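Chemist: So I've got this file, model23.tsv, and it contains TSV, C-alpha atoms:
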```tsv
chain	number	residue	atom	x	y	z
K	1	MET	CA	66.20	116.38	87.60
K	2	LYS	CA	67.24	113.03	86.21
K	3	SER	CA	64.53	110.66	84.97
K	4	ARG	CA	63.85	107.40	86.79
K	5	GLY	CA	65.50	105.48	83.96
K	6	GLU	CA	68.62	107.63	84.21
K	7	ARG	CA	68.80	107.09	87.95
K	8	HIS	CA	68.46	103.34	87.49
K	9	ILE	CA	71.30	103.36	84.95
K	10	GLY	CA	73.36	105.39	87.41
K	11	LEU	CA	72.69	102.95	90.25
K	12	LEU	CA	73.59	99.96	88.08
K	13	ASN	CA	76.86	101.63	87.11
K	14	GLY	CA	77.53	102.49	90.74
K	15	PHE	CA	76.97	98.91	91.83
K	16	ALA	CA	79.15	97.72	88.96
K	17	ALA	CA	82.01	100.09	89.88
K	18	TYR	CA	82.08	99.33	93.59
K	19	GLY	CA	81.34	95.66	92.97
K	20	MET	CA	84.40	95.38	90.74
K	21	TRP	CA	86.54	97.24	93.27
K	22	GLY	CA	85.22	94.98	96.01
K	23	LEU	CA	85.91	91.77	94.08
K	24	VAL	CA	89.38	92.72	92.85
K	25	PRO	CA	91.09	90.56	95.54
K	26	LEU	CA	90.04	87.60	93.40
K	27	PHE	CA	92.11	88.95	90.50
K	28	TRP	CA	95.56	89.62	91.96
K	29	PRO	CA	96.30	85.99	92.96
K	30	LEU	CA	95.66	84.96	89.34
K	31	LEU	CA	98.82	86.87	88.38
K	32	LYS	CA	101.17	84.65	90.34
K	33	PRO	CA	104.03	83.74	89.99
K	34	ALA	CA	104.53	87.44	89.23
K	35	GLY	CA	105.53	89.25	92.41
K	36	ALA	CA	103.74	92.30	93.77
K	37	ALA	CA	106.34	94.69	92.32
K	38	GLU	CA	106.02	93.24	88.80
K	39	ILE	CA	102.22	93.30	89.01
K	40	LEU	CA	102.36	96.92	90.16
K	41	ALA	CA	104.65	97.88	87.28
K	42	HIS	CA	102.37	96.20	84.75
K	43	ARG	CA	99.38	97.97	86.26
K	44	MET	CA	101.07	101.33	85.74
K	45	VAL	CA	102.14	100.59	82.18
K	46	TRP	CA	98.91	99.02	80.92
K	47	SER	CA	96.67	101.54	82.70
K	48	LEU	CA	98.37	104.33	80.77
K	49	VAL	CA	97.89	102.44	77.51
K	50	PHE	CA	94.20	101.89	78.23
K	51	VAL	CA	93.37	105.46	79.27
K	52	ALA	CA	95.50	106.96	76.49
K	53	VAL	CA	93.54	105.00	73.89
K	54	SER	CA	90.28	106.02	75.59
K	55	LEU	CA	91.21	109.71	75.62
K	56	LEU	CA	92.39	109.50	72.02
K	57	PHE	CA	89.03	108.01	71.06
K	58	VAL	CA	87.01	110.80	72.74
K	59	ARG	CA	89.59	113.49	71.83
K	60	ARG	CA	90.01	114.87	75.34
K	61	TRP	CA	93.56	116.19	75.42
K	62	ALA	CA	93.19	119.92	76.14
K	63	TRP	CA	93.70	119.37	79.89
K	64	ALA	CA	97.21	117.91	79.28
K	65	GLY	CA	98.56	121.11	77.72
K	66	GLU	CA	97.11	123.19	80.54
K	67	LEU	CA	98.65	120.89	83.14
K	68	LEU	CA	102.10	121.07	81.56
K	69	ARG	CA	101.96	124.87	81.74
K	70	GLN	CA	101.30	124.80	85.50
K	71	PRO	CA	104.45	123.57	87.32
K	72	ARG	CA	102.90	123.66	90.79
K	73	ARG	CA	99.90	121.62	89.70
K	74	LEU	CA	102.17	119.19	87.85
K	75	ALA	CA	104.25	118.79	91.01
K	76	LEU	CA	101.09	117.92	92.95
K	77	VAL	CA	100.19	115.31	90.33
K	78	THR	CA	103.68	113.84	90.81
K	79	VAL	CA	103.12	113.64	94.57
K	80	ALA	CA	99.74	112.01	93.96
K	81	ALA	CA	101.35	109.48	91.61
K	82	ALA	CA	103.99	108.61	94.23
K	83	VAL	CA	101.43	108.19	97.00
K	84	ILE	CA	99.08	106.05	94.94
K	85	THR	CA	102.03	103.89	93.90
K	86	VAL	CA	102.52	103.08	97.58
K	87	ASN	CA	98.81	102.43	98.00
K	88	TRP	CA	98.54	100.11	94.99
K	89	GLY	CA	101.74	98.28	95.88
K	90	VAL	CA	100.78	97.65	99.50
K	91	TYR	CA	97.32	96.46	98.50
K	92	ILE	CA	98.54	94.02	95.85
K	93	TRP	CA	101.17	92.63	98.23
K	94	ALA	CA	98.63	92.35	101.09
K	95	VAL	CA	96.11	90.41	99.01
K	96	ASN	CA	98.68	87.98	97.59
K	97	ALA	CA	100.27	87.53	101.03
K	98	GLY	CA	96.95	86.54	102.65
K	99	HIS	CA	95.98	89.80	104.38
K	100	VAL	CA	92.72	90.63	102.59
K	101	VAL	CA	90.77	91.35	105.80
K	102	GLU	CA	93.43	93.71	107.11
K	103	ALA	CA	93.53	95.43	103.71
K	104	SER	CA	89.75	95.92	103.77
K	105	LEU	CA	90.12	97.55	107.19
K	106	GLY	CA	92.31	100.22	105.60
K	107	TYR	CA	89.42	101.40	103.44
K	108	PHE	CA	86.99	101.25	106.36
K	109	ILE	CA	89.15	103.54	108.51
K	110	ASN	CA	90.11	105.87	105.67
K	111	PRO	CA	87.32	108.40	106.45
K	112	LEU	CA	88.55	108.62	110.04
K	113	VAL	CA	92.13	109.22	108.90
K	114	THR	CA	90.93	111.85	106.42
K	115	ILE	CA	89.12	113.71	109.21
K	116	ALA	CA	92.14	113.47	111.51
K	117	MET	CA	94.39	114.88	108.78
K	118	GLY	CA	91.92	117.72	108.24
K	119	VAL	CA	92.24	118.66	111.90
K	120	LEU	CA	96.02	118.31	112.10
K	121	LEU	CA	97.02	119.76	108.72
K	122	LEU	CA	94.15	122.04	107.71
K	123	LYS	CA	93.10	123.14	111.21
K	124	GLU	CA	89.49	122.12	110.55
K	125	ARG	CA	86.98	122.17	113.39
K	126	LEU	CA	84.99	119.03	114.08
K	127	ARG	CA	81.45	118.62	115.33
K	128	PRO	CA	80.98	116.55	118.53
K	129	ALA	CA	79.80	113.49	116.60
K	130	GLN	CA	82.92	113.63	114.45
K	131	TRP	CA	85.15	113.84	117.52
K	132	ALA	CA	83.31	110.84	118.95
K	133	ALA	CA	83.83	108.89	115.73
K	134	VAL	CA	87.55	109.65	115.67
K	135	GLY	CA	87.85	108.61	119.32
K	136	VAL	CA	86.03	105.33	118.67
K	137	GLY	CA	88.26	104.76	115.63
K	138	PHE	CA	91.39	105.28	117.74
K	139	ALA	CA	90.06	102.78	120.28
K	140	ALA	CA	89.47	100.33	117.41
K	141	VAL	CA	93.10	100.59	116.31
K	142	LEU	CA	94.22	99.86	119.89
K	143	VAL	CA	91.95	96.80	120.09
K	144	LEU	CA	93.18	95.55	116.71
K	145	THR	CA	96.79	96.11	117.77
K	146	ILE	CA	96.15	93.75	120.68
K	147	GLY	CA	94.36	91.31	118.39
K	148	TYR	CA	97.12	91.19	115.78
K	149	GLY	CA	99.92	91.37	118.31
K	150	ARG	CA	101.21	94.40	116.38
K	151	PRO	CA	99.73	97.60	114.97
K	152	PRO	CA	97.65	96.93	111.83
K	153	TRP	CA	100.39	98.36	109.60
K	154	ILE	CA	98.80	97.28	106.32
K	155	SER	CA	95.51	98.99	107.18
K	156	LEU	CA	97.24	102.13	108.41
K	157	ALA	CA	99.51	102.33	105.33
K	158	LEU	CA	96.52	101.98	103.00
K	159	ALA	CA	94.39	104.47	104.94
K	160	PHE	CA	97.09	107.14	105.29
K	161	SER	CA	98.27	106.84	101.68
K	162	PHE	CA	94.66	107.03	100.52
K	163	ALA	CA	93.93	110.06	102.70
K	164	THR	CA	97.12	111.82	101.57
K	165	TYR	CA	96.20	111.14	97.97
K	166	GLY	CA	92.75	112.65	98.53
K	167	LEU	CA	94.26	115.74	100.14
K	168	VAL	CA	96.57	116.29	97.17
K	169	LYS	CA	93.83	115.56	94.64
K	170	LYS	CA	91.59	118.24	96.09
K	171	LYS	CA	94.22	120.78	95.09
K	172	VAL	CA	94.87	119.30	91.63
K	173	ASN	CA	91.19	119.19	90.60
K	174	LEU	CA	91.36	116.82	87.61
K	175	GLY	CA	88.63	114.48	86.40
K	176	GLY	CA	88.89	110.77	87.13
K	177	VAL	CA	90.11	109.52	83.73
K	178	GLU	CA	92.35	112.55	83.18
K	179	SER	CA	93.81	112.11	86.65
K	180	LEU	CA	94.58	108.44	86.02
K	181	ALA	CA	96.20	109.36	82.69
K	182	ALA	CA	98.40	112.05	84.25
K	183	GLU	CA	99.49	109.91	87.18
K	184	THR	CA	100.22	106.79	85.13
K	185	ALA	CA	102.15	108.93	82.65
K	186	ILE	CA	104.44	109.90	85.53
K	187	GLN	CA	104.61	106.29	86.71
K	188	PHE	CA	105.22	104.90	83.22
K	189	LEU	CA	108.98	105.34	82.77
K	190	PRO	CA	109.99	104.02	86.24
K	191	ALA	CA	107.59	101.09	85.79
K	192	LEU	CA	108.86	100.31	82.28
K	193	GLY	CA	112.46	100.61	83.49
K	194	TYR	CA	111.76	98.10	86.26
K	195	LEU	CA	110.19	95.65	83.80
K	196	LEU	CA	113.20	95.99	81.47
K	197	TRP	CA	115.52	95.37	84.43
K	198	LEU	CA	113.58	92.20	85.29
K	199	THR	CA	113.88	91.15	81.64
K	200	SER	CA	117.65	91.60	81.72
K	201	ARG	CA	117.80	89.32	84.77
K	202	GLY	CA	115.51	86.74	83.21
K	203	ASP	CA	112.97	87.26	86.02
K	204	LEU	CA	110.09	88.76	84.03
K	205	SER	CA	107.16	86.35	84.30
K	206	PHE	CA	105.34	88.19	81.49
K	207	ALA	CA	107.73	86.63	78.98
K	208	THR	CA	108.17	83.20	80.55
K	209	GLU	CA	104.75	81.98	81.80
K	210	GLY	CA	102.87	81.73	78.53
K	211	PRO	CA	100.39	83.90	76.58
K	212	GLY	CA	97.56	83.44	79.09
K	213	HIS	CA	99.65	84.85	81.93
K	214	ALA	CA	100.84	87.71	79.71
K	215	ALA	CA	97.22	88.54	78.81
K	216	LEU	CA	96.24	88.61	82.48
K	217	LEU	CA	99.07	91.01	83.29
K	218	ALA	CA	98.08	93.23	80.36
K	219	SER	CA	94.48	93.24	81.59
K	220	THR	CA	95.56	95.07	84.76
K	221	GLY	CA	94.96	98.25	82.77
K	222	ILE	CA	91.35	97.27	82.13
K	223	VAL	CA	90.86	96.17	85.75
K	224	THR	CA	92.08	99.61	86.84
K	225	ALA	CA	90.16	101.73	84.34
K	226	LEU	CA	86.85	99.91	83.72
K	227	PRO	CA	85.41	100.53	87.22
K	228	LEU	CA	86.38	104.16	86.80
K	229	VAL	CA	84.32	104.37	83.60
K	230	CYS	CA	81.31	102.90	85.44
K	231	PHE	CA	81.86	105.29	88.33
K	232	GLY	CA	81.85	108.24	85.94
K	233	ALA	CA	78.55	107.07	84.46
K	234	ALA	CA	77.08	106.78	87.96
K	235	ALA	CA	78.41	110.10	89.24
K	236	ILE	CA	76.45	112.15	86.69
K	237	ARG	CA	73.17	110.29	87.31
K	238	VAL	CA	72.78	109.72	91.06
K	239	PRO	CA	73.20	111.99	94.12
K	240	LEU	CA	76.59	112.12	95.78
K	241	SER	CA	75.01	110.91	99.02
K	242	THR	CA	73.95	107.72	97.24
K	243	LEU	CA	77.44	107.23	95.84
K	244	GLY	CA	78.85	107.80	99.31
K	245	LEU	CA	76.75	104.96	100.70
K	246	LEU	CA	77.58	102.71	97.75
K	247	GLN	CA	81.28	103.14	98.52
K	248	TYR	CA	80.84	100.88	101.54
K	249	LEU	CA	80.28	97.98	99.14
K	250	ALA	CA	83.95	97.66	98.19
K	251	PRO	CA	85.48	97.13	101.66
K	252	VAL	CA	82.48	95.02	102.72
K	253	PHE	CA	83.02	92.69	99.75
K	254	GLN	CA	86.74	92.56	100.47
K	255	PHE	CA	86.09	91.78	104.13
K	256	LEU	CA	83.67	88.97	103.25
K	257	LEU	CA	86.06	87.54	100.67
K	258	GLY	CA	88.86	87.55	103.22
K	259	ILE	CA	86.80	85.51	105.70
K	260	PHE	CA	84.72	83.19	103.52
K	261	TYR	CA	86.83	82.71	100.38
K	262	PHE	CA	90.41	83.12	101.57
K	263	GLY	CA	89.65	81.63	105.00
K	264	GLU	CA	91.46	84.27	107.07
K	265	ALA	CA	91.14	84.03	110.84
K	266	MET	CA	88.87	86.41	112.78
K	267	PRO	CA	89.37	85.86	116.52
K	268	PRO	CA	87.03	87.71	118.92
K	269	GLU	CA	89.39	90.65	119.48
K	270	ARG	CA	89.47	91.37	115.73
K	271	TRP	CA	85.68	91.23	115.55
K	272	ALA	CA	85.64	93.72	118.44
K	273	GLY	CA	88.02	96.03	116.59
K	274	PHE	CA	86.00	95.90	113.37
K	275	ALA	CA	82.78	96.47	115.33
K	276	LEU	CA	84.27	99.68	116.77
K	277	VAL	CA	85.28	100.81	113.29
K	278	TRP	CA	81.77	100.20	111.98
K	279	LEU	CA	80.33	102.11	114.96
K	280	ALA	CA	82.59	105.06	114.14
K	281	LEU	CA	81.47	105.00	110.50
K	282	THR	CA	77.82	104.87	111.57
K	283	LEU	CA	78.36	107.98	113.70
K	284	LEU	CA	80.01	109.79	110.78
K	285	THR	CA	77.31	108.81	108.32
K	286	ALA	CA	74.45	109.82	110.59
K	287	ASP	CA	76.11	113.14	111.40
K	288	ALA	CA	76.80	113.95	107.73
K	289	LEU	CA	73.25	113.15	106.62
K	290	ARG	CA	71.75	115.06	109.57
K	291	THR	CA	73.90	118.11	108.78
K	292	ALA	CA	72.93	118.02	105.11
K	293	ARG	CA	69.21	117.76	105.92
K	294	ALA	CA	69.46	120.64	108.40
K	295	ALA	CA	71.18	122.81	105.83
K	296	ARG	CA	68.49	122.07	103.24
K	297	LYS	CA	65.65	122.75	105.68
K	298	GLY	CA	67.23	126.00	106.87
K	299	LEU	CA	67.61	127.29	103.35
K	300	ALA	CA	64.14	126.15	102.33
K	301	SER	CA	62.49	127.83	105.32
K	302	ALA	CA	64.24	131.08	104.42
K	303	GLY	CA	62.30	131.02	101.14
K	304	THR	CA	65.36	131.68	98.98
K	305	PRO	CA	66.71	129.60	96.12
K	306	LEU	CA	69.85	127.58	96.82
K	307	PRO	CA	72.94	129.32	95.43
K	308	THR	CA	75.24	127.11	93.38
K	309	GLY	CA	77.97	127.17	96.03
K	310	THR	CA	75.53	126.18	98.73
K	311	VAL	CA	74.19	123.27	96.69
K	312	ILE	CA	77.74	122.02	96.26
K	313	ALA	CA	78.46	122.44	99.98
K	314	VAL	CA	75.33	120.51	100.94
K	315	ARG	CA	76.19	117.70	98.55
K	316	GLU	CA	79.72	117.54	99.94
K	317	ALA	CA	78.29	117.34	103.46
K	318	GLU	CA	76.09	114.45	102.37
K	319	ALA	CA	79.02	112.59	100.85
K	320	ALA	CA	81.78	113.51	103.27
K	321	ALA	CA	81.43	110.76	105.83
K	322	PRO	CA	80.15	107.62	104.14
K	323	GLY	CA	82.77	107.09	101.51
K	324	PRO	CA	86.14	105.42	102.00
K	325	GLU	CA	87.67	107.58	99.30
K	326	PRO	CA	87.32	111.09	97.86
K	327	LEU	CA	84.54	111.20	95.31
K	328	ASP	CA	86.68	113.09	92.83
K	329	SER	CA	89.40	110.44	92.86
K	330	PRO	CA	87.82	107.08	92.18
K	331	ALA	CA	90.80	105.88	90.19
K	332	VAL	CA	92.65	104.95	93.31
K	333	ARG	CA	90.57	101.97	94.20
K	334	PRO	CA	92.73	98.89	94.78
```
Show the structure stored in the file as C-alpha cells.
Modeler:
Amino acid sequence: MKSRGERHIGLLNGFAAYGMWGLVPLFWPLLKPAGAAEILAHRMVWSLVFVAVSLLFVRRWAWAGELLRQPRRLALVTVAAAVITVNWGVYIWAVNAGHVVEASLGYFINPLVTIAMGVLLLKERLRPAQWAAVGVGFAAVLVLTIGYGRPPWISLALAFSFATYGLVKKKVNLGGVESLAAETAIQFLPALGYLLWLTSRGDLSFATEGPGHAALLASTGIVTALPLVCFGAAAIRVPLSTLGLLQYLAPVFQFLLGIFYFGEAMPPERWAGFALVWLALTLLTADALRTARAARKGLASAGTPLPTGTVIAVREAEAAAPGPEPLDSPAVRP
C-alpha cells in the first residue's frame, strides 16, 4: 500500500501530465511560421535527443540490445513509429489550422474505436453495455457528419491511428520512455533528412526566424517527454482506475480551449454529437467500474487471496474504458 503522501504526489503528477497534454494546443501555434511537417520533424529529432540524454543519465540501455535481437518486435516498433507519426502530424496540423475541437473529439472517441477494433480484429466479445456504447458512438459520428457537412475526418484519423498504435504497443510491451526512444530513433533519420532538404531549399524556419523561434522548435522534445515523466511518476503511485479517469482531462481541456480560447463554432448539431459521445463514454466507464467491483467482490467472498494475474486483470478492467489512450503508451499524447 502506498502512503497518503505518495498518493498525493502521484495525483499531482497525474494532473500535471494530463494538464500539459490538455494545454498543448496553446504551444503549437507559437511555432509558426513553421509548417506542420517541419514542426513534426523537429518533434521527432528533439524528442530523441531528450530521451537519449535521459536514458544515458539513468543508464537504462539494456532493453535496446534485447530489442535489436528480436526482428519481429523491432518490426512492430517500426509500425508503431509510422502510426504515431500520422497521429502527431494530423494533430499538429489540426491545431494550427483551427480544428482544435474536432481534434479533441478524436481522443474522446478513441475508446470506442479501440473496442470496435477489438471486436473486428481480435474477435473479442462485448458486454451489452459496451455494445450500447459503441452504438451510441456510431450515432454520434452520424450526427457530427451532418453537423460538419462531412465526416469528422480529423477526429477519425486521430482515433484510428491512436487505437492502432495501442494495438501494436500491446504486443511490443516496452516502457513509456523506452518506447519513445525506440520510436523516435526510427523516426530520426527521415525527420533529419526532411529538415536538411528544407535547408537546401532555404525553407527551414529554424535557421531564419531567430534564436527564440529555434529554441521553441528545440523545446518540442521537452514538450513531448516531460508529461511522460510525470505520467511515469503517477503510474507507480496511484491506481490505474484513477489514472483512467484523469485521462479525460486532456480532451476536456482541448475542447474548452477550442471553444473559449480559439473561438471555434459549436452549432447545436455539434453539441448533440458531442453529447452522444459523452453518453457513450459514461456507459463504458460505469460498465468497467461495475465489472471491476464485481470481480473483486466475487474473489473476496470466495475467501481466497487474489492471484497476481487476477489483480492485473481487475486493474485492466478498471482502466479499460475511461482512458482515451492505452495506459502503457502515454508517449503518444498530442
Chemist: As an exercise, work out the distance from CA of Arg7 in chain K to CA of Ala233 in chain K in Å and give it to one decimal place.
Modeler: 10.4 Å
Chemist: Would you mind listing what lies within 12 Å of Ser179 in chain K as number ranges by chain, with only C-alpha atoms counted and same-chain residues fewer than 2 positions away left out?
Modeler: K: 47-48, 51-52, 55, 61, 63-64, 67, 73-74, 76-78, 80-81, 84, 165-166, 168-170, 172-177, 181-186, 225, 228, 328-332
Chemist: What does the file look like for those residues with C-alpha atoms, as a PDB file, in the coordinates of the input?
Modeler:
```pdb
ATOM      1  CA  SER K  47      96.670 101.540  82.700  1.00  0.00           C
ATOM      2  CA  LEU K  48      98.370 104.330  80.770  1.00  0.00           C
ATOM      3  CA  VAL K  51      93.370 105.460  79.270  1.00  0.00           C
ATOM      4  CA  ALA K  52      95.500 106.960  76.490  1.00  0.00           C
ATOM      5  CA  LEU K  55      91.210 109.710  75.620  1.00  0.00           C
ATOM      6  CA  TRP K  61      93.560 116.190  75.420  1.00  0.00           C
ATOM      7  CA  TRP K  63      93.700 119.370  79.890  1.00  0.00           C
ATOM      8  CA  ALA K  64      97.210 117.910  79.280  1.00  0.00           C
ATOM      9  CA  LEU K  67      98.650 120.890  83.140  1.00  0.00           C
ATOM     10  CA  ARG K  73      99.900 121.620  89.700  1.00  0.00           C
ATOM     11  CA  LEU K  74     102.170 119.190  87.850  1.00  0.00           C
ATOM     12  CA  LEU K  76     101.090 117.920  92.950  1.00  0.00           C
ATOM     13  CA  VAL K  77     100.190 115.310  90.330  1.00  0.00           C
ATOM     14  CA  THR K  78     103.680 113.840  90.810  1.00  0.00           C
ATOM     15  CA  ALA K  80      99.740 112.010  93.960  1.00  0.00           C
ATOM     16  CA  ALA K  81     101.350 109.480  91.610  1.00  0.00           C
ATOM     17  CA  ILE K  84      99.080 106.050  94.940  1.00  0.00           C
ATOM     18  CA  TYR K 165      96.200 111.140  97.970  1.00  0.00           C
ATOM     19  CA  GLY K 166      92.750 112.650  98.530  1.00  0.00           C
ATOM     20  CA  VAL K 168      96.570 116.290  97.170  1.00  0.00           C
ATOM     21  CA  LYS K 169      93.830 115.560  94.640  1.00  0.00           C
ATOM     22  CA  LYS K 170      91.590 118.240  96.090  1.00  0.00           C
ATOM     23  CA  VAL K 172      94.870 119.300  91.630  1.00  0.00           C
ATOM     24  CA  ASN K 173      91.190 119.190  90.600  1.00  0.00           C
ATOM     25  CA  LEU K 174      91.360 116.820  87.610  1.00  0.00           C
ATOM     26  CA  GLY K 175      88.630 114.480  86.400  1.00  0.00           C
ATOM     27  CA  GLY K 176      88.890 110.770  87.130  1.00  0.00           C
ATOM     28  CA  VAL K 177      90.110 109.520  83.730  1.00  0.00           C
ATOM     29  CA  ALA K 181      96.200 109.360  82.690  1.00  0.00           C
ATOM     30  CA  ALA K 182      98.400 112.050  84.250  1.00  0.00           C
ATOM     31  CA  GLU K 183      99.490 109.910  87.180  1.00  0.00           C
ATOM     32  CA  THR K 184     100.220 106.790  85.130  1.00  0.00           C
ATOM     33  CA  ALA K 185     102.150 108.930  82.650  1.00  0.00           C
ATOM     34  CA  ILE K 186     104.440 109.900  85.530  1.00  0.00           C
ATOM     35  CA  ALA K 225      90.160 101.730  84.340  1.00  0.00           C
ATOM     36  CA  LEU K 228      86.380 104.160  86.800  1.00  0.00           C
ATOM     37  CA  ASP K 328      86.680 113.090  92.830  1.00  0.00           C
ATOM     38  CA  SER K 329      89.400 110.440  92.860  1.00  0.00           C
ATOM     39  CA  PRO K 330      87.820 107.080  92.180  1.00  0.00           C
ATOM     40  CA  ALA K 331      90.800 105.880  90.190  1.00  0.00           C
ATOM     41  CA  VAL K 332      92.650 104.950  93.310  1.00  0.00           C
TER      42      VAL K 332
END
```
Chemist: What are the nearest atom pairs, with distances in Å to one decimal, for all residues of range 70-112 of chain K that come at most 7 Å from range 23-39 of chain K, using all atoms listed in the file, set out by chain and rising residue number as a Markdown table?
Modeler:
```
| residue | atom | partner | partner_atom | distance |
| --- | --- | --- | --- | --- |
| K:Gly89 | CA | K:Ala36 | CA | 6.6 |
| K:Ile92 | CA | K:Ala36 | CA | 5.9 |
| K:Trp93 | CA | K:Ala36 | CA | 5.2 |
| K:Val95 | CA | K:Pro25 | CA | 6.1 |
| K:Asn96 | CA | K:Pro29 | CA | 5.6 |
```
Chemist: Nearest to Phe162 in chain K among K:Ala292, K:Gly106, K:Val119, K:Thr220, with distances taken over all atoms listed in the file: which residue is it?
Modeler: K:Gly106
Chemist: Enclose the full set of atoms of range 164-183 of chain K listed in the file within a box whose edges lie along x, y and z, apply 3 Å of padding to each of the six sides, and report centre and edge lengths in Å to one decimal as AutoDock Vina command-line options.
Modeler:
```
--center_x 94.1 --center_y 114.6 --center_z 92.1 --size_x 16.9 --size_y 18.3 --size_z 24.9
```
Chemist: For Gln254 in chain K, which residue among K:Arg60, K:Arg72, K:His42, K:His99 is the nearest when counting only C-alpha atoms?
Modeler: K:His99
Chemist: In Å to one decimal, how far is CA of Trp46 in chain K from CA of Asn110 in chain K?
Modeler: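 If I compute the distance from CA of Asn110 in chain K to CA of Trp46 in chain K, I get 27.1 Å.
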Chemist: Quick one: of K:His213, K:Arg4, K:Arg290, K:Arg270, who's nearest to Gly147 in chain K, counting only C-alpha atoms?
Modeler: K:Arg270
Chemist: Provide the CA of Leu281 in chain K to CA of Arg150 in chain K distance in Å, to one decimal place.
Modeler: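 That distance, rounded to one decimal, is 23.2 Å.
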Chemist: Name the residues in contact with Met117 in chain K at a cut-off of 12 Å, using all atoms listed in the file, excluding same-chain residues fewer than 2 positions from it; report them as a PyMOL selection string.
Modeler: chain K and resi 110-115+119-126+134+159-168
Chemist: Skipping near chain neighbours, those fewer than 4 positions away, what residues fall within 8 Å of Tyr18 in chain K using only C-alpha atoms, listed as a ChimeraX atom specification?
Modeler: /K:14,22,227,231,246-247,249-250
Chemist: Need the shell around Ile9 in chain K: protein/DNA/RNA residues with any atom at most 10 Å away, counting only C-alpha atoms. Skip same-chain ones fewer than 3 positions apart. Format as a VMD selection string?
Modeler: chain K and resid 3 to 6 12 to 15 233 to 234 237 to 238
Chemist: Now that the selection is made, can you save its residues with C-alpha atoms as a PDB file, in the frame of the given file?
Modeler:
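The result, stored in selection32.pdb:
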```pdb
ATOM      1  CA  SER K   3      64.530 110.660  84.970  1.00  0.00           C
ATOM      2  CA  ARG K   4      63.850 107.400  86.790  1.00  0.00           C
ATOM      3  CA  GLY K   5      65.500 105.480  83.960  1.00  0.00           C
ATOM      4  CA  GLU K   6      68.620 107.630  84.210  1.00  0.00           C
ATOM      5  CA  LEU K  12      73.590  99.960  88.080  1.00  0.00           C
ATOM      6  CA  ASN K  13      76.860 101.630  87.110  1.00  0.00           C
ATOM      7  CA  GLY K  14      77.530 102.490  90.740  1.00  0.00           C
ATOM      8  CA  PHE K  15      76.970  98.910  91.830  1.00  0.00           C
ATOM      9  CA  ALA K 233      78.550 107.070  84.460  1.00  0.00           C
ATOM     10  CA  ALA K 234      77.080 106.780  87.960  1.00  0.00           C
ATOM     11  CA  ARG K 237      73.170 110.290  87.310  1.00  0.00           C
ATOM     12  CA  VAL K 238      72.780 109.720  91.060  1.00  0.00           C
TER      13      VAL K 238
END
```
Chemist: Given only C-alpha atoms as the basis, pick out the residue of K:Ser219, K:Gln187, K:Ser155, K:Gln130 nearest to Leu283 in chain K.
Modeler: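 Looking at the shortest contact to Leu283 in chain K, the residue is K:Gln130.
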Chemist: Just checking: using only C-alpha atoms, which residue out of K:Pro239, K:Phe188, K:Thr224, K:Val141 ends up closest to Ile109 in chain K?
Modeler: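 Comparing K:Pro239, K:Phe188, K:Thr224, K:Val141 against Ile109 in chain K, the winner is K:Val141.
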